[in-house]
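Colleague: So I've got this file, run_22.txt, and it contains compact mmCIF, C-alpha atoms:
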# COMPACT_ATOMS: atom_id res chain seq x y z
CA MET C 118 -2.68 -202.75 84.64
CA THR C 119 -4.12 -202.69 81.11
CA LEU C 120 -7.64 -202.04 79.92
CA GLU C 121 -9.26 -203.66 76.96
CA PHE C 122 -10.80 -201.46 74.28
CA SER C 123 -14.55 -201.66 74.04
CA THR C 124 -15.95 -201.70 70.54
CA ASP C 125 -19.60 -201.59 71.58
CA ILE C 126 -19.55 -198.03 72.96
CA ALA C 127 -19.52 -194.98 70.68
CA ILE C 128 -17.01 -192.26 71.47
CA ALA C 129 -18.56 -189.22 73.12
CA PRO C 130 -16.02 -186.44 72.44
CA VAL C 131 -17.33 -184.06 75.12
CA GLU C 132 -17.01 -186.81 77.75
CA GLU C 133 -13.56 -187.83 76.57
CA ILE C 134 -12.26 -184.25 76.49
CA SER C 135 -13.66 -183.61 79.97
CA ALA C 136 -12.12 -186.83 81.26
CA TYR C 137 -8.74 -185.95 79.76
CA GLU C 138 -8.80 -182.50 81.35
CA THR C 139 -9.85 -184.10 84.66
CA LEU C 140 -6.65 -186.15 84.65
CA TRP C 141 -4.60 -182.94 84.44
CA THR C 142 -6.02 -181.88 87.83
CA ARG C 143 -4.07 -184.70 89.48
CA TYR C 144 -1.23 -185.48 87.06
CA LYS C 145 0.67 -182.27 86.40
CA THR C 146 3.18 -183.08 83.65
CA SER C 147 3.10 -184.56 80.17
CA SER C 148 5.41 -187.28 81.43
CA GLU C 149 2.99 -188.28 84.21
CA ILE C 150 0.04 -188.28 81.81
CA GLY C 151 2.06 -190.26 79.26
CA LYS C 152 3.01 -192.92 81.84
CA LEU C 153 -0.60 -193.14 83.00
CA PHE C 154 -1.94 -193.75 79.50
CA THR C 155 0.84 -196.23 78.77
CA GLU C 156 -0.12 -198.12 81.93
CA TYR C 157 -3.72 -198.30 80.72
CA ASN C 158 -2.85 -199.28 77.14
CA HIS C 159 -3.84 -195.86 75.75
CA ALA C 160 -7.48 -196.42 76.64
CA MET C 161 -9.96 -193.62 76.10
CA PRO C 162 -9.68 -190.92 78.77
CA ARG C 163 -13.01 -191.72 80.45
CA LYS C 164 -11.84 -195.30 81.05
CA VAL C 165 -8.59 -194.06 82.59
CA VAL C 166 -10.51 -191.57 84.77
CA GLU C 167 -12.71 -194.42 86.04
CA ALA C 168 -9.69 -196.66 86.65
CA VAL C 169 -7.85 -194.08 88.77
CA GLY C 170 -10.94 -193.34 90.87
CA PHE C 171 -12.31 -189.93 89.95
CA GLU C 172 -15.92 -189.35 90.98
CA ARG C 173 -18.41 -188.63 88.19
CA ASP C 174 -19.46 -185.31 89.82
CA PHE C 175 -15.85 -184.10 89.70
CA VAL C 176 -15.65 -184.87 85.96
CA VAL C 177 -18.95 -183.03 85.36
CA ASN C 178 -17.56 -179.95 87.17
CA VAL C 179 -14.42 -180.05 85.04
CA GLN C 180 -16.61 -180.37 81.94
CA ALA C 181 -18.43 -177.13 82.83
CA LYS C 182 -15.12 -175.29 83.23
CA VAL C 183 -13.73 -176.71 79.99
CA GLU C 184 -16.87 -175.70 78.09
CA ASP C 185 -16.31 -172.08 79.18
CA LEU C 186 -12.73 -172.14 77.87
CA LEU C 187 -13.12 -174.44 74.86
CA PRO C 188 -16.67 -174.27 73.50
CA PHE C 189 -17.43 -177.74 72.19
CA ASP C 190 -19.34 -176.35 69.23
CA GLN C 191 -16.18 -174.55 68.02
CA TYR C 192 -13.49 -177.13 68.74
CA THR C 193 -13.18 -180.85 68.38
CA ALA C 194 -10.56 -183.41 69.27
CA LEU C 195 -8.56 -186.32 67.94
CA PHE C 196 -7.81 -189.21 70.25
CA ARG C 197 -4.64 -191.28 70.08
CA ASN C 198 -6.38 -194.30 68.53
CA ASP C 199 -8.28 -192.31 65.87
CA ALA C 200 -7.32 -193.10 62.28
CA ASP C 201 -6.49 -189.42 61.60
CA TYR C 202 -4.28 -189.01 64.68
CA PRO C 203 -0.80 -187.98 63.45
CA VAL C 204 1.59 -190.92 63.54
CA ALA C 205 4.50 -188.63 64.47
CA LEU C 206 2.77 -187.81 67.75
CA THR C 207 2.51 -191.49 68.70
CA GLU C 208 6.29 -191.71 68.40
CA LEU C 209 6.89 -189.04 71.07
CA GLN C 210 7.85 -190.28 74.52
CA SER C 211 5.05 -188.28 76.14
CA GLY C 212 2.90 -187.43 73.14
CA PRO C 213 -0.59 -186.07 73.77
CA GLU C 214 -3.45 -188.52 74.09
CA VAL C 215 -5.87 -185.87 72.84
CA VAL C 216 -5.27 -183.14 70.25
CA TYR C 217 -7.79 -180.29 70.18
CA TYR C 218 -8.31 -178.50 66.92
CA GLN C 219 -10.41 -175.95 65.16
CA GLY C 220 -10.53 -175.65 61.40
CA SER C 221 -9.04 -177.91 58.79
CA LEU C 222 -7.67 -181.20 60.03
CA ASP C 223 -5.54 -181.34 56.87
CA LEU C 224 -3.23 -178.75 58.45
CA LEU C 225 -1.96 -181.44 60.82
CA PHE C 226 -0.33 -183.09 57.83
CA SER C 227 1.37 -179.95 56.49
CA LYS C 228 4.82 -178.69 57.45
CA CYS C 229 4.16 -177.74 61.08
CA VAL C 230 6.02 -176.00 63.84
CA ALA C 231 4.76 -175.56 67.38
CA VAL C 232 5.42 -172.17 68.95
CA VAL C 233 4.92 -172.40 72.69
CA GLY C 234 6.24 -170.46 75.63
CA ALA C 235 5.46 -168.57 78.78
CA ARG C 236 1.88 -167.64 79.58
CA LYS C 237 3.14 -164.52 81.33
CA ALA C 238 5.38 -163.48 78.47
CA SER C 239 7.54 -160.38 78.43
CA ALA C 240 6.94 -157.74 75.75
CA GLU C 241 10.21 -158.87 74.11
CA GLY C 242 9.07 -162.51 74.17
CA VAL C 243 5.77 -161.62 72.50
CA LYS C 244 7.62 -159.54 69.88
CA ARG C 245 9.95 -162.45 69.09
CA ALA C 246 7.12 -165.00 68.94
CA ARG C 247 5.22 -162.78 66.50
CA LYS C 248 8.31 -162.30 64.31
CA LEU C 249 9.05 -166.03 64.31
CA ALA C 250 5.47 -166.96 63.45
CA LYS C 251 5.34 -164.51 60.54
CA LEU C 252 8.62 -165.89 59.15
CA LEU C 253 7.34 -169.45 59.46
CA VAL C 254 4.09 -168.68 57.63
CA ALA C 255 5.94 -166.74 54.93
CA ASN C 256 8.03 -169.89 54.37
CA GLY C 257 5.06 -172.24 54.07
CA PHE C 258 4.80 -173.60 57.61
CA THR C 259 1.67 -174.10 59.68
CA VAL C 260 2.07 -172.65 63.17
CA MET C 261 0.63 -174.90 65.86
CA SER C 262 0.65 -174.78 69.62
CA GLY C 263 -1.51 -174.96 72.67
CA LEU C 264 -4.27 -172.49 73.36
CA ALA C 265 -2.52 -170.71 76.22
CA ALA C 266 -2.22 -166.98 76.67
CA GLY C 267 1.14 -165.32 76.15
CA ILE C 268 3.58 -166.71 73.59
CA ASP C 269 1.06 -169.21 72.14
CA THR C 270 -1.52 -166.48 71.53
CA ALA C 271 1.05 -164.07 70.10
CA ALA C 272 2.30 -166.72 67.66
CA HIS C 273 -1.20 -167.68 66.52
CA SER C 274 -2.29 -164.08 66.07
CA ALA C 275 0.80 -163.20 64.06
CA ALA C 276 0.56 -166.38 61.98
CA THR C 277 -3.06 -165.61 61.12
CA GLU C 278 -2.24 -162.00 60.24
CA GLU C 279 0.62 -163.11 57.99
CA TYR C 280 -1.49 -165.76 56.30
CA VAL C 281 -4.18 -163.19 55.49
CA ARG C 282 -1.55 -160.65 54.36
CA LEU C 283 -0.15 -163.25 51.95
CA GLY C 284 -3.60 -163.77 50.44
CA GLY C 285 -4.93 -166.70 52.47
CA ALA C 286 -8.63 -167.08 53.10
Could you write out this file's structure as structure tokens?
Modeller:
Amino acid sequence: MTLEFSTDIAIAPVEEISAYETLWTRYKTSSEIGKLFTEYNHAMPRKVVEAVGFERDFVVNVQAKVEDLLPFDQYTALFRNDADYPVALTELQSGPEVVYYQGSLDLLFSKCVAVVGARKASAEGVKRARKLAKLLVANGFTVMSGLAAGIDTAAHSAATEEYVRLGGA
């Protein structure tokens, strides 16, 4: 089944983010999400949520939970069909339909490396993630990843510390 894109409705980022996160409550892997969005012609998340039968109240409850974790006044998102969405991500087999970000969008177009790993990371894993992130920043890379606890957090913290140590803003 494919959906047609509607050009008469403005994008409501909070709704779209909430809809995208709602899909993760049923579809547990990037592969499943990727197949779902391919089936629906990469429609906006709220259209896919409607098509697969989620109730509006369920989406509203997810929105409240997401707002606690990802305050909408501090983060924003890029959707797959946005002009600024990185082309390289569209070429991935199960690339993300939505990319959350905070700060300068220009960083998406720099030399980037994602550092991701276990949420319940060992002390050694955290130590290695921090070391890797500092080396990457020292060599001109932007460290990107999800917002999860554990390795992701360790890498972001170390990358930020190294950037500041090297004289960044």
Colleague: If we count all atoms listed in the file and set the cut-off at 12 Å, which residues sit around Ala271 of chain C, ignoring sequence neighbours fewer than 5 positions away in its own chain? Please answer as a ChimeraX atom specification.
Modeller: /C:232-251,260-266,276-278
Colleague: May I have a table of the residues of segment 205-274 of chain C lying at most 6 Å from segment 194-201 of chain C, giving each one's closest pair of atoms and their distance in Å to one decimal, counting all atoms listed in the file, ordered by chain and ascending residue number, as a tab-separated table?
Modeller:
residue	atom	partner	partner_atom	distance
C:Glu214	CA	C:Arg197	CA	5.0
C:Val215	CA	C:Phe196	CA	4.7
C:Val216	CA	C:Leu195	CA	5.1
C:Tyr217	CA	C:Ala194	CA	4.3
C:Tyr218	CA	C:Ala194	CA	5.9
Colleague: Generate a file of the selected residues that holds C-alpha atoms, formatted as a CSV table (one decimal), in the frame of the given file.
Modeller:
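Writing the result to result_8.csv gives the following:
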chain,number,residue,atom,x,y,z
C,214,GLU,CA,-3.4,-188.5,74.1
C,215,VAL,CA,-5.9,-185.9,72.8
C,216,VAL,CA,-5.3,-183.1,70.2
C,217,TYR,CA,-7.8,-180.3,70.2
C,218,TYR,CA,-8.3,-178.5,66.9
Colleague: Would you work out the distance separating atom CA of Gln210 of chain C from atom CA of Thr155 of chain C, expressed in Å to one decimal?
Modeller: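 Taking atom CA of Gln210 of chain C as the start and atom CA of Thr155 of chain C as the end point, the length is 10.1 Å.
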Colleague: So, with all atoms listed in the file as the atoms that count, which of C:Ala181, C:Ala231, C:Ile268, C:Ile134 lies closest to Pro162 of chain C?
Modeller: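 Answer, going by the shortest atom-to-atom distance: C:Ile134.
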Colleague: Could you check how far atom CA of Gln180 of chain C sits from atom CA of Leu140 of chain C, in Å to one decimal?
Modeller: 11.8 Å
Colleague: For each of C:Met161, C:Leu187, C:Leu225, C:Val169, take the minimum atom-to-atom distance to Val204 of chain C, counting all atoms listed in the file, then give the residue where this is smallest.
Modeller: C:Leu225
Colleague: Using all atoms listed in the file for the distances, tell me which of C:Ala136, C:Ala275, C:Ala168, C:Leu253 is nearest to Lys228 of chain C.
Modeller: C:Leu253
Colleague: Would you mind telling me which residue in C:Gly284, C:Ser147, C:Leu252, C:Thr139 lies nearest to Lys182 of chain C when using all atoms listed in the file?
Modeller: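 Going through C:Gly284, C:Ser147, C:Leu252, C:Thr139 one by one, the smallest distance to Lys182 of chain C is for C:Thr139.
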Colleague: Just give me the gap between atom CA of Tyr137 of chain C and atom CA of Glu149 of chain C in Å, one decimal is fine.
Modeller: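 Atom-to-atom, atom CA of Tyr137 of chain C to atom CA of Glu149 of chain C, that is 12.8 Å.
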Colleague: Nearest to Phe171 of chain C: which of C:Thr193, C:Ser135, C:Asn158, C:Thr146 is it, counting all atoms listed in the file?
Modeller: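 Ranked by minimum distance to Phe171 of chain C, first place goes to C:Ser135.
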Colleague: Which residue gives the smallest distance to Pro188 of chain C among C:Ala160, C:Val131, C:Val176, C:Ala255, with only C-alpha atoms counted?
Modeller: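 Distance minimum relative to Pro188 of chain C lands on C:Val131.
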Colleague: Please provide as a list of chain:residue names all residues within 10 Å of Gly220 of chain C, with the sequence filter that same-chain residues fewer than 2 positions apart are discarded (counting only C-alpha atoms).
Modeller: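 In the requested format, the answer is C:Gln191, C:Tyr192, C:Thr193, C:Tyr218, C:Leu222, C:Asp223, C:Leu224.
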Colleague: Keeping only C-alpha atoms, write the selected residues to a file as a PDB file, in the coordinates of the input.
Modeller:
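Produced file selection-v9.pdb, reproduced below:
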ATOM      1  CA  GLN C 191     -16.180-174.550  68.020  1.00  0.00           C
ATOM      2  CA  TYR C 192     -13.490-177.130  68.740  1.00  0.00           C
ATOM      3  CA  THR C 193     -13.180-180.850  68.380  1.00  0.00           C
ATOM      4  CA  TYR C 218      -8.310-178.500  66.920  1.00  0.00           C
ATOM      5  CA  LEU C 222      -7.670-181.200  60.030  1.00  0.00           C
ATOM      6  CA  ASP C 223      -5.540-181.340  56.870  1.00  0.00           C
ATOM      7  CA  LEU C 224      -3.230-178.750  58.450  1.00  0.00           C
TER       8      LEU C 224
END
